Amino acid sequence: MKNLLLLISYLITSTLYASQAIPEVVLAIHGGTADHEEIPLSLEKEVIEGLTESLKAGYRALEKTGSSLDAVEASVKSLEDNPLFNAGKGAVFTSQGKNEMDAAIMEGKSKKAGAVASTTVIKNPIAAARAVMEKTRHVLLVGAGADQFAKDNRLEIVPAKYFFTQRRWKEWKKSQEKKNQNTQSSLPTPWNRHFSLGTVGSVALDSQNNLAAATSTGGLTNKMHGRVGDSPIIGAGTFADNETAAISCTGVGEYFIRYGVAREISTLIKYKNFNVATAADVLIQETLKPEKVEGAAIVLDKKGNLAFSYHAEGLPRGYVTKDGMAHLFIFDKEVVRSLK
Ligand code: ASP
């Protein structure tokens with residue numbers, strides 16, 4: 001009976017939402033959920049170029065060192081250095097008009113993980129997350145402690161103004177106005193959809209069959225000073241386990257933390273034998289969509305099956321298959337390129 005119910009629920013989920021699993025994938029990235037207002041037609045080409053650069057950096061690392069951990073770090077670093085994405089250089093502003101960044105990395109073999117939150121001067125928060133994983137006994141360092149740790153470990157430090165971009169500043173100003181309007185009408189939704197999202201993430205599988213995941217973000221526009229999202233919370237926005245999958249999420253972090261989204265996806269794969277697409281859809285389409293929460297997860301399993309599940313107008317994203325072919329997506333467009 002239990003198995004029958006399971007089968008029925010599986011069939012319903014897989015036919016209703018039906019993300020498709022893509023085989024033979026070694027590396028995949030996302031640039032956060034987005035709509036046409038955030039990425040107008042005039043920016044689409046640049047976003048595709050940015051995603052291509054990121055996949056190239058990750059794929060090069062995979063070929064050079066054969067390590068999925070190197071690949072996810074390199075691809076996320078590339079997106080952090082690109083002002084178009086809400087991570088590193090392109091991070092959004094807090095309610096105080098400052099930038100506070102979060103990042104996490106995890107390897108599926110050892111299940112070791114490292115993360116930083118609310119950093120302010122680390123050029124590449126993902127490098128700091130990796131250093132936390134490799135050089136400390138801890139998983140998560142925050143704020144001044146994380147910044148100091150990065151300085152002590154000679155990671156690249158920049159003045160806080162490095163993270164200033166006109167585009168994000170304009171978004172911040174606009175969202176401040178909306179926030180004031182929202183406060184007056186006491187809307188129930190905690191976050192205004194626009195000018196908020198855009199985290200970046202990466203998942204990879206190497207020739208040793210090791211999975212890794214990484215996520216980096218400036219968080220949500222207008223977030224409170226000290227607010228931490230899901231990206232650096234292992235099991236919420238980032239997770240990797242060689243027995244199941246590598247997962248990176250984007251969306252309104254508060255919900256991803258409450259539902260333990262990344263970990264839950266892994267659990268469905270592990271204990272219910274769901275494939276990557278169904279597991280991701282259960283969380284994104286079946287759980288978060290009814291809550292009207294925009295978000296996405298990218299999920300890569302140990303056999304190289306990849307799923308992107310998203311509830312949003314778009315999810316700029318890309319993946320590379322074993323043969324070195326890169327597929328980039330923005331809204332309904334797909335671009336295919338060889339990285340060889
Ligand atoms: N998940 C991120 C956060 O809540 C935001 C995003 O995905 O864009 O901090």
# chains A, B, ... in the order shown; residues from 1 in each chain; ligands from 1

$ residues_near_ligand --ligand "ligand 1" --cutoff "9 Å" --atoms "only C-alpha atoms and all ligand atoms" --output "ChimeraX atom specification"
/A:31-34,86-87,101-102,196-200,216-221,223,227-232,237,249-257,295-296

$ write_last_selection --atoms "N, CA, C and O atoms" --output "compact mmCIF listing (two decimals), in the first residue's frame"
# COMPACT_ATOMS: atom_id res chain seq x y z
N GLY A 31 22.76 31.38 -12.52
CA GLY A 31 23.03 32.78 -12.20
C GLY A 31 21.87 33.40 -11.45
O GLY A 31 21.64 34.61 -11.54
N GLY A 32 21.11 32.57 -10.73
CA GLY A 32 20.00 33.07 -9.92
C GLY A 32 18.73 33.25 -10.73
O GLY A 32 18.78 33.44 -11.95
N THR A 33 17.58 33.18 -10.06
CA THR A 33 16.32 33.40 -10.77
C THR A 33 16.28 34.85 -11.25
O THR A 33 16.86 35.74 -10.63
N ALA A 34 15.59 35.07 -12.36
CA ALA A 34 15.57 36.43 -12.93
C ALA A 34 14.30 36.63 -13.73
O ALA A 34 13.69 35.66 -14.20
N ASN A 86 24.64 38.63 -8.87
CA ASN A 86 24.54 39.05 -7.47
C ASN A 86 25.41 38.17 -6.57
O ASN A 86 24.93 37.34 -5.80
N ALA A 87 26.71 38.39 -6.68
CA ALA A 87 27.69 37.67 -5.86
C ALA A 87 28.99 38.42 -6.08
O ALA A 87 29.23 38.91 -7.18
N MET A 101 28.21 39.64 2.00
CA MET A 101 28.15 38.46 1.13
C MET A 101 28.23 37.13 1.87
O MET A 101 28.88 37.03 2.91
N ASP A 102 27.59 36.13 1.29
CA ASP A 102 27.55 34.77 1.85
C ASP A 102 28.03 33.78 0.78
O ASP A 102 27.72 33.97 -0.41
N SER A 196 15.73 41.73 -6.14
CA SER A 196 16.12 40.96 -4.97
C SER A 196 17.09 39.82 -5.24
O SER A 196 18.04 39.65 -4.50
N LEU A 197 16.82 39.04 -6.28
CA LEU A 197 17.50 37.74 -6.36
C LEU A 197 18.72 37.75 -7.28
O LEU A 197 19.14 38.80 -7.74
N GLY A 198 19.31 36.60 -7.50
CA GLY A 198 20.40 36.52 -8.46
C GLY A 198 21.67 35.86 -7.99
O GLY A 198 22.74 36.06 -8.57
N THR A 199 21.56 35.07 -6.95
CA THR A 199 22.68 34.26 -6.45
C THR A 199 23.32 33.43 -7.56
O THR A 199 22.65 33.12 -8.55
N VAL A 200 24.57 33.01 -7.37
CA VAL A 200 25.18 32.11 -8.35
C VAL A 200 25.55 30.78 -7.69
O VAL A 200 25.74 30.73 -6.47
N SER A 216 27.22 31.24 -4.05
CA SER A 216 27.72 32.52 -3.54
C SER A 216 26.68 33.61 -3.83
O SER A 216 26.03 33.59 -4.88
N THR A 217 26.56 34.56 -2.91
CA THR A 217 25.49 35.55 -3.08
C THR A 217 25.76 36.86 -2.33
O THR A 217 26.50 36.87 -1.34
N GLY A 218 25.11 37.90 -2.83
CA GLY A 218 25.05 39.15 -2.06
C GLY A 218 23.79 39.16 -1.22
O GLY A 218 23.52 40.10 -0.49
N GLY A 219 22.97 38.12 -1.36
CA GLY A 219 21.72 38.00 -0.59
C GLY A 219 20.59 38.76 -1.26
O GLY A 219 20.55 38.88 -2.48
N LEU A 220 19.68 39.25 -0.47
CA LEU A 220 18.52 39.96 -0.99
C LEU A 220 18.69 41.46 -0.83
O LEU A 220 19.14 41.93 0.22
N THR A 221 18.31 42.21 -1.85
CA THR A 221 18.35 43.66 -1.76
C THR A 221 17.58 44.11 -0.54
O THR A 221 16.49 43.58 -0.26
N LYS A 223 18.12 43.62 2.52
CA LYS A 223 18.11 42.73 3.69
C LYS A 223 18.63 43.50 4.90
O LYS A 223 19.39 44.47 4.75
N ARG A 227 21.73 39.94 8.29
CA ARG A 227 20.86 38.83 7.85
C ARG A 227 21.69 37.82 7.04
O ARG A 227 22.51 38.18 6.20
N VAL A 228 21.49 36.55 7.32
CA VAL A 228 22.17 35.50 6.57
C VAL A 228 21.13 34.69 5.82
O VAL A 228 20.10 34.32 6.40
N GLY A 229 21.39 34.42 4.55
CA GLY A 229 20.44 33.65 3.74
C GLY A 229 20.75 32.17 3.75
O GLY A 229 21.48 31.66 4.63
N ASP A 230 20.21 31.47 2.80
CA ASP A 230 20.36 30.01 2.74
C ASP A 230 21.68 29.56 2.11
O ASP A 230 22.14 28.45 2.37
N SER A 231 22.27 30.43 1.26
CA SER A 231 23.43 29.99 0.47
C SER A 231 24.55 29.40 1.33
O SER A 231 25.11 28.36 0.99
N PRO A 232 24.91 30.04 2.49
CA PRO A 232 26.01 29.48 3.28
C PRO A 232 25.54 28.45 4.30
O PRO A 232 26.34 27.97 5.09
N GLY A 237 20.83 25.97 1.14
CA GLY A 237 21.10 26.41 -0.22
C GLY A 237 22.21 25.65 -0.91
O GLY A 237 22.41 25.79 -2.13
N CYS A 249 21.18 26.09 -4.68
CA CYS A 249 19.84 26.70 -4.79
C CYS A 249 19.93 28.22 -4.90
O CYS A 249 20.93 28.83 -4.56
N THR A 250 18.82 28.80 -5.34
CA THR A 250 18.66 30.25 -5.34
C THR A 250 17.19 30.56 -5.09
O THR A 250 16.32 29.76 -5.44
N GLY A 251 16.93 31.68 -4.48
CA GLY A 251 15.55 32.04 -4.18
C GLY A 251 15.48 32.75 -2.84
O GLY A 251 16.53 33.09 -2.27
N VAL A 252 14.29 32.96 -2.33
CA VAL A 252 14.15 33.66 -1.05
C VAL A 252 14.66 32.75 0.06
O VAL A 252 14.02 31.76 0.44
N GLY A 253 15.84 33.09 0.58
CA GLY A 253 16.59 32.20 1.46
C GLY A 253 15.85 31.74 2.69
O GLY A 253 16.04 30.61 3.15
N GLU A 254 14.99 32.59 3.23
CA GLU A 254 14.29 32.24 4.46
C GLU A 254 13.51 30.93 4.28
O GLU A 254 13.48 30.09 5.17
N TYR A 255 12.89 30.76 3.12
CA TYR A 255 12.12 29.54 2.87
C TYR A 255 13.03 28.33 2.66
O TYR A 255 12.71 27.23 3.06
N PHE A 256 14.15 28.58 2.00
CA PHE A 256 15.07 27.48 1.75
C PHE A 256 15.68 26.97 3.06
O PHE A 256 15.96 25.79 3.22
N ILE A 257 15.84 27.90 4.01
CA ILE A 257 16.34 27.49 5.33
C ILE A 257 15.25 26.70 6.06
O ILE A 257 15.48 25.62 6.59
N GLY A 295 12.11 30.50 -6.75
CA GLY A 295 13.37 29.85 -6.39
C GLY A 295 13.73 28.79 -7.40
O GLY A 295 12.96 28.49 -8.32
N ALA A 296 14.90 28.22 -7.19
CA ALA A 296 15.40 27.20 -8.11
C ALA A 296 16.43 26.34 -7.42
O ALA A 296 17.05 26.75 -6.44

$ residues_around --residues "Gln20 of chain A" --least-positions-apart "6" --cutoff "12 Å" --atoms "only C-alpha atoms" --output "list in words"
Ser14, Asn275, Val276, Ala277, Thr278, Ala279, Ala280, Asp281, Ile298, Val299, Asn305, Leu306, Ala307, Phe308, Ser309 and Tyr310 of chain A

$ select_by_dssp --residues "segment 54-298 of chain A" --states "helix (DSSP H, G or I)" --output "ChimeraX atom specification"
/A:54-65,68-80,88-90,125-135,143-152,160-163,166-185,253-259,261-272,276-291

$ closest_residue --among "A:Ala28, A:Val336, A:Ile330, A:Leu69" --to "Lys45 of chain A" --atoms "only C-alpha atoms"
A:Ile330

$ closest_residue --among "A:Ile122, A:Asn222, A:Leu205, A:Val142" --to "Gly58 of chain A" --atoms "only C-alpha atoms"
A:Leu205

$ closest_residue --among "A:Val26, A:Ala240, A:Ala262, A:Leu55" --to "Asp323 of chain A" --atoms "only C-alpha atoms"
A:Val26
